[in-house]
$ cat coords-v7.cif   # mmCIF, C-alpha atoms
data_model
loop_
_atom_site.group_PDB
_atom_site.id
_atom_site.type_symbol
_atom_site.label_atom_id
_atom_site.label_comp_id
_atom_site.auth_asym_id
_atom_site.auth_seq_id
_atom_site.Cartn_x
_atom_site.Cartn_y
_atom_site.Cartn_z
ATOM 1 C CA MET Z 60 12.449 8.766 27.057
ATOM 2 C CA SER Z 61 15.433 6.698 25.926
ATOM 3 C CA THR Z 62 18.744 8.234 24.881
ATOM 4 C CA ILE Z 63 21.741 6.882 22.969
ATOM 5 C CA LYS Z 64 24.930 6.151 24.927
ATOM 6 C CA GLU Z 65 28.252 6.500 23.101
ATOM 7 C CA ILE Z 66 30.525 3.582 23.985
ATOM 8 C CA THR Z 67 34.184 4.668 23.917
ATOM 9 C CA THR Z 68 36.091 1.712 25.392
ATOM 10 C CA GLU Z 69 35.810 -2.075 25.394
ATOM 11 C CA ASP Z 70 35.582 -2.079 29.203
ATOM 12 C CA GLU Z 71 32.646 0.325 29.012
ATOM 13 C CA TRP Z 72 31.026 -1.964 26.448
ATOM 14 C CA ARG Z 73 31.400 -5.084 28.584
ATOM 15 C CA SER Z 74 30.119 -3.247 31.638
ATOM 16 C CA HIS Z 75 27.074 -1.917 29.791
ATOM 17 C CA VAL Z 76 26.109 -5.262 28.259
ATOM 18 C CA GLY Z 77 26.718 -7.115 31.510
ATOM 19 C CA ALA Z 78 24.348 -4.854 33.422
ATOM 20 C CA LEU Z 79 21.404 -5.297 31.036
ATOM 21 C CA PRO Z 80 18.424 -7.456 32.043
ATOM 22 C CA SER Z 81 18.016 -10.501 29.780
ATOM 23 C CA SER Z 82 14.739 -9.089 28.448
ATOM 24 C CA THR Z 83 16.204 -5.760 27.279
ATOM 25 C CA LEU Z 84 16.436 -5.120 23.533
ATOM 26 C CA LEU Z 85 19.901 -3.705 22.850
ATOM 27 C CA ILE Z 86 20.155 -1.480 19.758
ATOM 28 C CA ILE Z 87 23.786 -1.123 18.643
ATOM 29 C CA SER Z 88 24.626 1.523 16.050
ATOM 30 C CA PHE Z 89 28.063 1.189 14.419
ATOM 31 C CA HIS Z 90 29.320 4.349 12.759
ATOM 32 C CA ALA Z 91 32.404 6.136 11.427
ATOM 33 C CA PRO Z 92 32.998 9.895 11.663
ATOM 34 C CA TRP Z 93 33.937 10.230 7.986
ATOM 35 C CA ALA Z 94 30.771 8.594 6.622
ATOM 36 C CA ALA Z 95 28.010 11.139 5.953
ATOM 37 C CA PRO Z 96 25.205 8.522 6.039
ATOM 38 C CA CYS Z 97 26.186 7.767 9.643
ATOM 39 C CA ALA Z 98 25.371 11.328 10.709
ATOM 40 C CA GLN Z 99 21.944 11.029 9.114
ATOM 41 C CA MET Z 100 21.345 7.673 10.801
ATOM 42 C CA ALA Z 101 22.470 9.076 14.170
ATOM 43 C CA THR Z 102 19.929 11.887 13.938
ATOM 44 C CA PHE Z 103 17.179 9.440 13.012
ATOM 45 C CA LEU Z 104 18.030 7.020 15.848
ATOM 46 C CA LYS Z 105 18.178 9.841 18.389
ATOM 47 C CA THR Z 106 14.655 10.877 17.404
ATOM 48 C CA LEU Z 107 13.404 7.286 17.385
ATOM 49 C CA ALA Z 108 14.961 6.499 20.785
ATOM 50 C CA ALA Z 109 13.079 9.434 22.301
ATOM 51 C CA GLU Z 110 9.821 7.665 21.405
ATOM 52 C CA TYR Z 111 10.662 4.769 23.739
ATOM 53 C CA PRO Z 112 10.340 5.040 27.528
ATOM 54 C CA GLY Z 113 13.532 4.771 29.562
ATOM 55 C CA ASN Z 114 12.182 1.814 31.533
ATOM 56 C CA GLY Z 115 14.797 -0.770 30.579
ATOM 57 C CA GLU Z 116 12.836 -2.399 27.760
ATOM 58 C CA THR Z 117 15.329 -0.996 25.266
ATOM 59 C CA SER Z 118 18.934 0.175 25.468
ATOM 60 C CA TRP Z 119 20.552 2.286 22.752
ATOM 61 C CA VAL Z 120 24.308 2.515 22.183
ATOM 62 C CA SER Z 121 26.554 3.978 19.508
ATOM 63 C CA ILE Z 122 30.015 2.586 18.654
ATOM 64 C CA ASN Z 123 32.792 3.950 16.441
ATOM 65 C CA ALA Z 124 33.437 0.933 14.207
ATOM 66 C CA GLU Z 125 37.068 1.869 13.547
ATOM 67 C CA GLU Z 126 38.166 2.843 17.050
ATOM 68 C CA LEU Z 127 36.578 -0.243 18.631
ATOM 69 C CA SER Z 128 37.430 -2.636 15.812
ATOM 70 C CA GLU Z 129 37.393 -5.764 17.974
ATOM 71 C CA ILE Z 130 33.743 -5.189 18.806
ATOM 72 C CA SER Z 131 33.020 -4.467 15.137
ATOM 73 C CA GLU Z 132 34.643 -7.720 14.064
ATOM 74 C CA THR Z 133 32.588 -9.634 16.618
ATOM 75 C CA TYR Z 134 29.470 -8.519 14.739
ATOM 76 C CA ASP Z 135 31.037 -8.821 11.248
ATOM 77 C CA VAL Z 136 30.692 -5.091 10.594
ATOM 78 C CA THR Z 137 32.112 -4.471 7.124
ATOM 79 C CA ALA Z 138 30.399 -1.183 6.234
ATOM 80 C CA VAL Z 139 28.698 1.669 8.063
ATOM 81 C CA PRO Z 140 26.112 2.602 9.148
ATOM 82 C CA TYR Z 141 25.369 -0.837 10.588
ATOM 83 C CA LEU Z 142 22.653 -1.580 13.115
ATOM 84 C CA VAL Z 143 22.530 -4.688 15.327
ATOM 85 C CA LEU Z 144 19.556 -5.702 17.461
ATOM 86 C CA GLN Z 145 20.415 -8.018 20.321
ATOM 87 C CA ARG Z 146 18.710 -9.505 23.347
ATOM 88 C CA ASN Z 147 20.303 -11.648 26.074
ATOM 89 C CA ASP Z 148 23.611 -11.785 24.096
ATOM 90 C CA GLN Z 149 21.783 -13.159 21.065
ATOM 91 C CA VAL Z 150 21.728 -11.262 17.765
ATOM 92 C CA LEU Z 151 18.171 -10.977 16.486
ATOM 93 C CA GLU Z 152 18.671 -8.939 13.333
ATOM 94 C CA ALA Z 153 21.191 -6.699 11.587
ATOM 95 C CA VAL Z 154 20.458 -3.802 9.238
ATOM 96 C CA SER Z 155 23.241 -2.617 6.935
ATOM 97 C CA GLY Z 156 22.962 0.748 5.222
ATOM 98 C CA SER Z 157 21.250 4.057 5.832
ATOM 99 C CA SER Z 158 17.613 3.070 5.272
ATOM 100 C CA ALA Z 159 15.637 4.663 8.110
ATOM 101 C CA VAL Z 160 12.575 2.643 7.075
ATOM 102 C CA LYS Z 161 14.376 -0.696 7.477
ATOM 103 C CA ALA Z 162 15.894 0.403 10.795
ATOM 104 C CA ARG Z 163 12.557 1.548 12.220
ATOM 105 C CA THR Z 164 10.766 -1.606 11.034
ATOM 106 C CA ALA Z 165 13.343 -3.898 12.647
ATOM 107 C CA ILE Z 166 13.418 -1.989 15.938
ATOM 108 C CA GLU Z 167 9.648 -1.738 16.209
ATOM 109 C CA LYS Z 168 9.249 -5.433 15.447
ATOM 110 C CA HIS Z 169 11.662 -6.629 18.125
ATOM 111 C CA ALA Z 170 10.633 -4.022 20.683
ATOM 112 C CA LYS Z 171 7.026 -5.149 20.225
ATOM 113 C CA ASN Z 172 8.063 -8.766 20.697
ATOM 114 C CA SER Z 173 9.777 -7.743 23.926
ATOM 115 C CA ALA Z 174 6.651 -5.984 25.168
ATOM 116 C CA ASN Z 175 4.582 -9.056 24.357
ATOM 117 C CA GLY Z 176 6.941 -11.290 26.277
ATOM 118 C CA VAL Z 177 8.259 -13.193 23.244
ATOM 119 C CA SER Z 178 11.439 -15.094 24.081
ATOM 120 C CA SER Z 179 14.756 -14.471 22.313
ATOM 121 C CA ALA Z 180 14.751 -17.870 20.646
ATOM 122 C CA THR Z 181 11.241 -17.334 19.278
ATOM 123 C CA THR Z 182 12.089 -13.845 18.076
ATOM 124 C CA GLU Z 183 15.160 -15.047 16.218
ATOM 125 C CA ALA Z 184 13.163 -17.779 14.500
ATOM 126 C CA THR Z 185 10.574 -15.209 13.454
ATOM 127 C CA THR Z 186 13.309 -12.942 12.087
ATOM 128 C CA THR Z 187 14.845 -15.739 10.065
ATOM 129 C CA ASP Z 188 11.492 -16.785 8.644
ATOM 130 C CA SER Z 189 10.586 -13.216 7.721
ATOM 131 C CA GLY Z 190 13.602 -13.061 5.431
ATOM 132 C CA ALA Z 191 11.742 -15.263 2.937
ATOM 133 C CA GLN Z 192 9.357 -13.264 0.786
ATOM 134 C CA PRO Z 193 5.728 -14.541 0.780
ATOM 135 C CA ALA Z 194 4.755 -16.141 -2.504
ATOM 136 C CA ASN Z 195 1.703 -13.918 -2.992
ATOM 137 C CA THR Z 196 3.857 -10.784 -2.631
ATOM 138 C CA ALA Z 197 6.352 -12.052 -5.189
ATOM 139 C CA GLU Z 198 3.563 -12.678 -7.685
ATOM 140 C CA VAL Z 199 2.321 -9.089 -7.717
ATOM 141 C CA GLU Z 200 5.735 -7.430 -7.821
ATOM 142 C CA THR Z 201 6.837 -6.016 -11.148
ATOM 143 C CA GLU Z 202 10.312 -6.457 -12.541
ATOM 144 C CA PRO Z 203 12.560 -3.474 -11.742
ATOM 145 C CA ASP Z 204 13.611 -1.264 -14.623
ATOM 146 C CA PRO Z 205 17.278 -2.197 -15.345
ATOM 147 C CA ALA Z 206 18.135 1.346 -16.393
ATOM 148 C CA GLN Z 207 16.655 2.820 -13.223
ATOM 149 C CA THR Z 208 18.333 0.172 -11.073
ATOM 150 C CA LYS Z 209 21.710 0.942 -12.650
ATOM 151 C CA GLU Z 210 21.176 4.680 -12.189
ATOM 152 C CA GLU Z 211 20.415 4.165 -8.492
ATOM 153 C CA LEU Z 212 23.458 1.921 -8.071
ATOM 154 C CA PHE Z 213 25.757 4.436 -9.754
ATOM 155 C CA LYS Z 214 24.360 7.187 -7.535
ATOM 156 C CA ARG Z 215 25.165 5.063 -4.495
ATOM 157 C CA LEU Z 216 28.660 4.298 -5.808
ATOM 158 C CA GLY Z 217 29.245 7.984 -6.480
ATOM 159 C CA GLU Z 218 28.510 8.675 -2.806
ATOM 160 C CA LEU Z 219 30.582 5.723 -1.599
ATOM 161 C CA VAL Z 220 33.789 6.718 -3.391
ATOM 162 C CA LYS Z 221 33.499 10.138 -1.702
ATOM 163 C CA ALA Z 222 32.634 8.769 1.755
ATOM 164 C CA ALA Z 223 36.163 9.671 2.898
ATOM 165 C CA PRO Z 224 38.923 11.731 1.243
ATOM 166 C CA VAL Z 225 40.850 8.480 0.790
ATOM 167 C CA MET Z 226 38.670 5.400 0.203
ATOM 168 C CA LEU Z 227 39.938 1.849 -0.163
ATOM 169 C CA PHE Z 228 37.678 -0.744 -1.756
ATOM 170 C CA MET Z 229 39.213 -4.030 -0.720
ATOM 171 C CA LYS Z 230 38.630 -7.724 -0.143
ATOM 172 C CA GLY Z 231 38.085 -8.074 3.588
ATOM 173 C CA THR Z 232 38.813 -5.472 6.246
ATOM 174 C CA PRO Z 233 42.072 -3.719 7.225
ATOM 175 C CA SER Z 234 42.381 -5.979 10.259
ATOM 176 C CA SER Z 235 41.566 -9.095 8.215
ATOM 177 C CA PRO Z 236 42.411 -8.690 4.495
ATOM 178 C CA GLN Z 237 41.187 -11.512 2.283
ATOM 179 C CA CYS Z 238 43.765 -11.188 -0.495
ATOM 180 C CA GLY Z 239 47.467 -10.410 -0.729
ATOM 181 C CA PHE Z 240 47.029 -7.242 -2.797
ATOM 182 C CA SER Z 241 44.565 -5.781 -0.296
ATOM 183 C CA ARG Z 242 46.914 -6.683 2.562
ATOM 184 C CA GLN Z 243 49.846 -4.940 0.850
ATOM 185 C CA LEU Z 244 47.853 -1.799 0.112
ATOM 186 C CA VAL Z 245 46.638 -1.587 3.718
ATOM 187 C CA ALA Z 246 50.243 -1.960 4.913
ATOM 188 C CA LEU Z 247 51.358 0.749 2.494
ATOM 189 C CA LEU Z 248 48.747 3.197 3.820
ATOM 190 C CA ARG Z 249 49.529 2.366 7.442
ATOM 191 C CA GLU Z 250 53.272 2.854 6.920
ATOM 192 C CA ARG Z 251 52.540 6.399 5.810
ATOM 193 C CA SER Z 252 49.911 7.026 8.525
ATOM 194 C CA ILE Z 253 47.278 7.746 5.876
ATOM 195 C CA LYS Z 254 43.777 8.321 7.228
ATOM 196 C CA TYR Z 255 41.364 6.383 5.054
ATOM 197 C CA GLY Z 256 37.952 4.811 4.881
ATOM 198 C CA PHE Z 257 37.333 1.331 3.548
ATOM 199 C CA PHE Z 258 34.611 -0.834 2.063
ATOM 200 C CA ASN Z 259 34.659 -4.632 2.051
ATOM 201 C CA ILE Z 260 33.482 -5.511 -1.447
ATOM 202 C CA LEU Z 261 33.088 -9.178 -0.450
ATOM 203 C CA ALA Z 262 30.167 -8.160 1.770
ATOM 204 C CA ASP Z 263 28.188 -6.506 -1.051
ATOM 205 C CA ASP Z 264 28.269 -8.159 -4.459
ATOM 206 C CA GLU Z 265 26.209 -5.344 -5.987
ATOM 207 C CA VAL Z 266 28.954 -2.864 -5.120
ATOM 208 C CA ARG Z 267 31.660 -5.328 -6.125
ATOM 209 C CA GLN Z 268 30.273 -5.842 -9.627
ATOM 210 C CA GLY Z 269 28.930 -2.334 -10.105
ATOM 211 C CA LEU Z 270 32.174 -0.595 -9.167
ATOM 212 C CA LYS Z 271 34.026 -2.447 -11.922
ATOM 213 C CA GLU Z 272 31.820 -0.737 -14.515
ATOM 214 C CA PHE Z 273 31.509 2.552 -12.622
ATOM 215 C CA ALA Z 274 35.304 2.877 -12.362
ATOM 216 C CA ASP Z 275 36.069 1.106 -15.634
ATOM 217 C CA TRP Z 276 38.569 -0.864 -13.561
ATOM 218 C CA PRO Z 277 38.031 -4.654 -13.357
ATOM 219 C CA THR Z 278 40.087 -5.618 -10.309
ATOM 220 C CA PHE Z 279 40.393 -4.992 -6.567
ATOM 221 C CA PRO Z 280 41.655 -3.413 -4.417
ATOM 222 C CA GLN Z 281 40.860 0.070 -5.706
ATOM 223 C CA LEU Z 282 42.102 3.278 -4.081
ATOM 224 C CA TRP Z 283 40.086 6.466 -4.541
ATOM 225 C CA VAL Z 284 41.237 9.950 -3.546
ATOM 226 C CA ASP Z 285 38.779 12.853 -3.364
ATOM 227 C CA GLY Z 286 36.287 10.878 -5.421
ATOM 228 C CA GLU Z 287 38.782 10.083 -8.189
ATOM 229 C CA LEU Z 288 40.154 6.623 -8.940
ATOM 230 C CA VAL Z 289 43.904 6.229 -8.459
ATOM 231 C CA GLY Z 290 44.014 2.531 -9.262
ATOM 232 C CA GLY Z 291 45.189 -0.729 -7.766
ATOM 233 C CA LEU Z 292 48.298 -1.673 -5.814
ATOM 234 C CA ASP Z 293 50.717 -1.365 -8.748
ATOM 235 C CA ILE Z 294 49.436 2.081 -9.734
ATOM 236 C CA VAL Z 295 49.619 3.350 -6.152
ATOM 237 C CA LYS Z 296 53.201 2.054 -5.852
ATOM 238 C CA GLU Z 297 54.065 3.740 -9.132
ATOM 239 C CA GLU Z 298 52.562 7.047 -8.000
ATOM 240 C CA LEU Z 299 54.545 6.902 -4.758
ATOM 241 C CA GLY Z 300 57.695 6.026 -6.666
ATOM 242 C CA ASN Z 301 57.284 9.054 -8.914
ATOM 243 C CA ASP Z 302 56.239 11.359 -6.077
ATOM 244 C CA PRO Z 303 57.084 10.430 -2.450
ATOM 245 C CA GLU Z 304 54.762 13.262 -1.327
ATOM 246 C CA PHE Z 305 51.775 11.541 -2.950
ATOM 247 C CA LEU Z 306 49.064 11.062 -0.275
ATOM 248 C CA LYS Z 307 51.064 13.049 2.300
ATOM 249 C CA ALA Z 308 48.228 15.580 2.492
ATOM 250 C CA TYR Z 309 46.058 12.826 3.989
ATOM 251 C CA SER Z 310 48.566 11.709 6.602
ATOM 252 C CA VAL Z 311 47.515 11.723 10.253
ATOM 253 C CA ALA Z 312 51.096 12.696 11.097
ATOM 254 C CA LYS Z 313 50.645 15.914 9.123
ATOM 255 C CA GLU Z 314 47.486 16.749 11.076
ATOM 256 C CA THR Z 315 49.331 16.190 14.352
ATOM 257 C CA SER Z 316 52.215 18.428 13.282
ATOM 258 C CA ALA Z 317 49.824 21.188 12.205
ATOM 259 C CA ALA Z 318 48.027 21.029 15.552
ATOM 260 C CA ALA Z 319 51.333 21.250 17.433
ATOM 261 C CA ALA Z 320 52.384 24.294 15.424
#
$ encode --input "coords-v7.cif" --output "structure tokens"
Amino acid sequence: MSTIKEITTEDEWRSHVGALPSSTLLIISFHAPWAAPCAQMATFLKTLAAEYPGNGETSWVSINAEELSEISETYDVTAVPYLVLQRNDQVLEAVSGSSAVKARTAIEKHAKNSANGVSSATTEATTTDSGAQPANTAEVETEPDPAQTKEELFKRLGELVKAAPVMLFMKGTPSSPQCGFSRQLVALLRERSIKYGFFNILADDEVRQGLKEFADWPTFPQLWVDGELVGGLDIVKEELGNDPEFLKAYSVAKETSAAAA
């Protein structure tokens, strides 16, 4: 029975990867403690890992995407949960989001390839090819109902804006902002030691376009607090100018002081 190992340091990560046989399928689960979908994915992966023998064919690890940001950036992790399948230091497939079906399908496919002795290069080629939808499948599919699609997107957005008490929808990541406004807003939050979650809207165009309508706010970055839109950089600056205590309730410094008391 396989179990999931929580990686807590970069040294531990390097040591773990370095000790793996070249044939081992490494399943890497990136998560964040504030994201509810990550807890659901963790439970699913724990159950799935138990179905695989602990004979070295697979190795399961879990990584906090924010605390070990350098590892996250190596794999271009821009949202969580995020699953990476790797063999012999070669990424085979990545699954973004909380779909247990997609995660199971990807893991079973590559674990089966490992059992059949398929090489990493062959597996990667198969993964790339499988991304193209067969013509006969496309012919029988029906067009999705726009109203239903929009309803599902808005439901997802409603969950995303509440993924953390303070959520920043930005271009890029906090460690690598892709626009000046996003960079300034990240700096503003860091100066005040605000604990926040983030979503890179450049990595998901559906969220990027949908959030404009959902929020009735056409630009980014967007800062949300307790599921309510505050606004962009100018609005946040204005709020802080009118009330220096704005966002103080979400400061890590406040949590530390409370613990000390």
$ residues_near_point --input "coords-v7.cif" --point "(42.2, -12.9, 14.4)" --cutoff "10 Å" --atoms "all atoms listed in the file" --output "VMD selection string"
chain Z and resid 129 132 234 to 235
$ atom_distance --input "coords-v7.cif" --atom1 "atom CA of Ala308 of chain Z" --atom2 "atom CA of Tyr255 of chain Z"
11.8 Å
$ resolve_selection --input "coords-v7.cif" --expression "the PyMOL selection byres ((chain Z and resi 294-305) around 12)" --output "PyMOL selection string"
chain Z and resi 225+227+240-241+243-248+251+253+276+279-284+288-293+306-310+313
$ write_last_selection --input "coords-v7.cif" --atoms "C-alpha atoms" --output "PDB file, in the frame of the given file"
ATOM      1  CA  VAL Z 225      40.850   8.480   0.790  1.00  0.00           C
ATOM      2  CA  LEU Z 227      39.938   1.849  -0.163  1.00  0.00           C
ATOM      3  CA  PHE Z 240      47.029  -7.242  -2.797  1.00  0.00           C
ATOM      4  CA  SER Z 241      44.565  -5.781  -0.296  1.00  0.00           C
ATOM      5  CA  GLN Z 243      49.846  -4.940   0.850  1.00  0.00           C
ATOM      6  CA  LEU Z 244      47.853  -1.799   0.112  1.00  0.00           C
ATOM      7  CA  VAL Z 245      46.638  -1.587   3.718  1.00  0.00           C
ATOM      8  CA  ALA Z 246      50.243  -1.960   4.913  1.00  0.00           C
ATOM      9  CA  LEU Z 247      51.358   0.749   2.494  1.00  0.00           C
ATOM     10  CA  LEU Z 248      48.747   3.197   3.820  1.00  0.00           C
ATOM     11  CA  ARG Z 251      52.540   6.399   5.810  1.00  0.00           C
ATOM     12  CA  ILE Z 253      47.278   7.746   5.876  1.00  0.00           C
ATOM     13  CA  TRP Z 276      38.569  -0.864 -13.561  1.00  0.00           C
ATOM     14  CA  PHE Z 279      40.393  -4.992  -6.567  1.00  0.00           C
ATOM     15  CA  PRO Z 280      41.655  -3.413  -4.417  1.00  0.00           C
ATOM     16  CA  GLN Z 281      40.860   0.070  -5.706  1.00  0.00           C
ATOM     17  CA  LEU Z 282      42.102   3.278  -4.081  1.00  0.00           C
ATOM     18  CA  TRP Z 283      40.086   6.466  -4.541  1.00  0.00           C
ATOM     19  CA  VAL Z 284      41.237   9.950  -3.546  1.00  0.00           C
ATOM     20  CA  LEU Z 288      40.154   6.623  -8.940  1.00  0.00           C
ATOM     21  CA  VAL Z 289      43.904   6.229  -8.459  1.00  0.00           C
ATOM     22  CA  GLY Z 290      44.014   2.531  -9.262  1.00  0.00           C
ATOM     23  CA  GLY Z 291      45.189  -0.729  -7.766  1.00  0.00           C
ATOM     24  CA  LEU Z 292      48.298  -1.673  -5.814  1.00  0.00           C
ATOM     25  CA  ASP Z 293      50.717  -1.365  -8.748  1.00  0.00           C
ATOM     26  CA  LEU Z 306      49.064  11.062  -0.275  1.00  0.00           C
ATOM     27  CA  LYS Z 307      51.064  13.049   2.300  1.00  0.00           C
ATOM     28  CA  ALA Z 308      48.228  15.580   2.492  1.00  0.00           C
ATOM     29  CA  TYR Z 309      46.058  12.826   3.989  1.00  0.00           C
ATOM     30  CA  SER Z 310      48.566  11.709   6.602  1.00  0.00           C
ATOM     31  CA  LYS Z 313      50.645  15.914   9.123  1.00  0.00           C
TER      32      LYS Z 313
END
$ residues_around --input "coords-v7.cif" --residues "Leu85 of chain Z" --least-positions-apart "2" --cutoff "7 Å" --atoms "all atoms listed in the file" --output "PDB file with C-alpha atoms, in the frame of the given file"
ATOM      1  CA  THR Z  83      16.204  -5.760  27.279  1.00  0.00           C
ATOM      2  CA  ILE Z  87      23.786  -1.123  18.643  1.00  0.00           C
ATOM      3  CA  THR Z 117      15.329  -0.996  25.266  1.00  0.00           C
ATOM      4  CA  SER Z 118      18.934   0.175  25.468  1.00  0.00           C
ATOM      5  CA  TRP Z 119      20.552   2.286  22.752  1.00  0.00           C
ATOM      6  CA  LEU Z 144      19.556  -5.702  17.461  1.00  0.00           C
ATOM      7  CA  GLN Z 145      20.415  -8.018  20.321  1.00  0.00           C
ATOM      8  CA  ARG Z 146      18.710  -9.505  23.347  1.00  0.00           C
TER       9      ARG Z 146
END
$ residues_near_point --input "coords-v7.cif" --point "(29.8, -9.4, -1.0)" --cutoff "12 Å" --atoms "all atoms listed in the file" --output "number ranges by chain"
Z: 137-138, 228-231, 258-269
$ atom_distance --input "coords-v7.cif" --atom1 "atom CA of Trp93 of chain Z" --atom2 "atom CA of Trp72 of chain Z"
22.3 Å
$ closest_residue --input "coords-v7.cif" --among "Z:Cys97, Z:Leu151, Z:Leu127, Z:Leu107" --to "Asp70 of chain Z" --atoms "all atoms listed in the file"
Z:Leu127
$ residues_around --input "coords-v7.cif" --residues "Glu71 of chain Z" --least-positions-apart "6" --cutoff "12 Å" --atoms "all atoms listed in the file" --output "list in words"
Lys64, Glu65, Gly77, Ala78, Val120, Ser121, Ile122, Leu127 and Ile130 of chain Z
$ write_last_selection --input "coords-v7.cif" --atoms "C-alpha atoms" --output "mmCIF file, in the frame of the given file"
data_model
loop_
_atom_site.group_PDB
_atom_site.id
_atom_site.type_symbol
_atom_site.label_atom_id
_atom_site.label_comp_id
_atom_site.auth_asym_id
_atom_site.auth_seq_id
_atom_site.Cartn_x
_atom_site.Cartn_y
_atom_site.Cartn_z
ATOM 1 C CA LYS Z 64 24.930 6.151 24.927
ATOM 2 C CA GLU Z 65 28.252 6.500 23.101
ATOM 3 C CA GLY Z 77 26.718 -7.115 31.510
ATOM 4 C CA ALA Z 78 24.348 -4.854 33.422
ATOM 5 C CA VAL Z 120 24.308 2.515 22.183
ATOM 6 C CA SER Z 121 26.554 3.978 19.508
ATOM 7 C CA ILE Z 122 30.015 2.586 18.654
ATOM 8 C CA LEU Z 127 36.578 -0.243 18.631
ATOM 9 C CA ILE Z 130 33.743 -5.189 18.806
#
$ atom_distance --input "coords-v7.cif" --atom1 "atom CA of Val311 of chain Z" --atom2 "atom CA of Thr232 of chain Z"
19.7 Å
$ closest_residue --input "coords-v7.cif" --among "Z:Leu79, Z:Val139, Z:Ile166, Z:Ala222" --to "Glu152 of chain Z" --atoms "only C-alpha atoms"
Z:Ile166
$ axis_aligned_box --input "coords-v7.cif" --around "segment 121-124 of chain Z" --padding-each-side "4 Å" --output "lines of an AutoDock Vina configuration file"
center_x = 30.0
center_y = 2.5
center_z = 16.9
size_x = 14.9
size_y = 11.0
size_z = 13.3
$ resolve_selection --input "coords-v7.cif" --expression "the PyMOL selection byres ((chain Z and resi 103) around 12)" --output "list in words"
Ile63, Ser88, Pro96, Cys97, Ala98, Gln99, Met100, Ala101, Thr102, Leu104, Lys105, Thr106, Leu107, Ala108, Ala109, Glu110, Pro140, Ser157, Ser158, Ala159, Val160, Lys161, Ala162 and Arg163 of chain Z
$ resolve_selection --input "coords-v7.cif" --expression "the PyMOL selection byres ((chain Z and resi 216) around 8)" --output "list in words"
Leu212, Phe213, Lys214, Arg215, Gly217, Glu218, Leu219, Val220, Val266, Gly269, Leu270 and Phe273 of chain Z
$ closest_residue --input "coords-v7.cif" --among "Z:Asn114, Z:Ser82, Z:Val76, Z:Ala165" --to "Met60 of chain Z" --atoms "all atoms listed in the file"
Z:Asn114
$ decode --input "coords-v7.cif" --residues "segment 276-280 of chain Z" --atoms "all heavy atoms" --output "PDB file, in the first residue's frame"
ATOM      1  N   TRP Z 276     -16.520  44.128 -13.309  1.00  0.00           N
ATOM      2  CA  TRP Z 276     -15.293  44.917 -13.165  1.00  0.00           C
ATOM      3  C   TRP Z 276     -14.354  44.469 -14.291  1.00  0.00           C
ATOM      4  O   TRP Z 276     -13.894  43.332 -14.300  1.00  0.00           O
ATOM      5  CB  TRP Z 276     -14.666  44.662 -11.798  1.00  0.00           C
ATOM      6  CG  TRP Z 276     -13.592  45.640 -11.423  1.00  0.00           C
ATOM      7  CD1 TRP Z 276     -12.256  45.539 -11.691  1.00  0.00           C
ATOM      8  CD2 TRP Z 276     -13.762  46.857 -10.703  1.00  0.00           C
ATOM      9  NE1 TRP Z 276     -11.581  46.621 -11.186  1.00  0.00           N
ATOM     10  CE2 TRP Z 276     -12.477  47.461 -10.572  1.00  0.00           C
ATOM     11  CE3 TRP Z 276     -14.863  47.519 -10.167  1.00  0.00           C
ATOM     12  CZ2 TRP Z 276     -12.278  48.671  -9.919  1.00  0.00           C
ATOM     13  CZ3 TRP Z 276     -14.667  48.718  -9.515  1.00  0.00           C
ATOM     14  CH2 TRP Z 276     -13.385  49.288  -9.391  1.00  0.00           C
ATOM     15  N   PRO Z 277     -14.041  45.345 -15.250  1.00  0.00           N
ATOM     16  CA  PRO Z 277     -13.385  44.909 -16.490  1.00  0.00           C
ATOM     17  C   PRO Z 277     -11.870  44.739 -16.457  1.00  0.00           C
ATOM     18  O   PRO Z 277     -11.282  44.282 -17.428  1.00  0.00           O
ATOM     19  CB  PRO Z 277     -13.768  46.033 -17.468  1.00  0.00           C
ATOM     20  CG  PRO Z 277     -13.831  47.254 -16.593  1.00  0.00           C
ATOM     21  CD  PRO Z 277     -14.397  46.768 -15.282  1.00  0.00           C
ATOM     22  N   THR Z 278     -11.226  45.133 -15.370  1.00  0.00           N
ATOM     23  CA  THR Z 278      -9.760  45.118 -15.364  1.00  0.00           C
ATOM     24  C   THR Z 278      -9.185  44.262 -14.237  1.00  0.00           C
ATOM     25  O   THR Z 278      -9.897  43.869 -13.304  1.00  0.00           O
ATOM     26  CB  THR Z 278      -9.210  46.553 -15.219  1.00  0.00           C
ATOM     27  OG1 THR Z 278      -9.689  47.123 -13.982  1.00  0.00           O
ATOM     28  CG2 THR Z 278      -9.653  47.424 -16.380  1.00  0.00           C
ATOM     29  N   PHE Z 279      -7.879  43.997 -14.339  1.00  0.00           N
ATOM     30  CA  PHE Z 279      -7.135  43.272 -13.318  1.00  0.00           C
ATOM     31  C   PHE Z 279      -5.884  44.067 -12.961  1.00  0.00           C
ATOM     32  O   PHE Z 279      -5.381  44.817 -13.805  1.00  0.00           O
ATOM     33  CB  PHE Z 279      -6.755  41.870 -13.825  1.00  0.00           C
ATOM     34  CG  PHE Z 279      -7.937  40.968 -14.051  1.00  0.00           C
ATOM     35  CD1 PHE Z 279      -8.518  40.872 -15.307  1.00  0.00           C
ATOM     36  CD2 PHE Z 279      -8.478  40.241 -12.997  1.00  0.00           C
ATOM     37  CE1 PHE Z 279      -9.620  40.059 -15.509  1.00  0.00           C
ATOM     38  CE2 PHE Z 279      -9.584  39.424 -13.194  1.00  0.00           C
ATOM     39  CZ  PHE Z 279     -10.143  39.331 -14.456  1.00  0.00           C
ATOM     40  N   PRO Z 280      -5.427  43.914 -11.706  1.00  0.00           N
ATOM     41  CA  PRO Z 280      -5.827  42.937 -10.694  1.00  0.00           C
ATOM     42  C   PRO Z 280      -7.146  43.293 -10.016  1.00  0.00           C
ATOM     43  O   PRO Z 280      -7.598  44.439 -10.075  1.00  0.00           O
ATOM     44  CB  PRO Z 280      -4.673  43.006  -9.673  1.00  0.00           C
ATOM     45  CG  PRO Z 280      -4.197  44.436  -9.784  1.00  0.00           C
ATOM     46  CD  PRO Z 280      -4.309  44.769 -11.248  1.00  0.00           C
TER      47      PRO Z 280
END
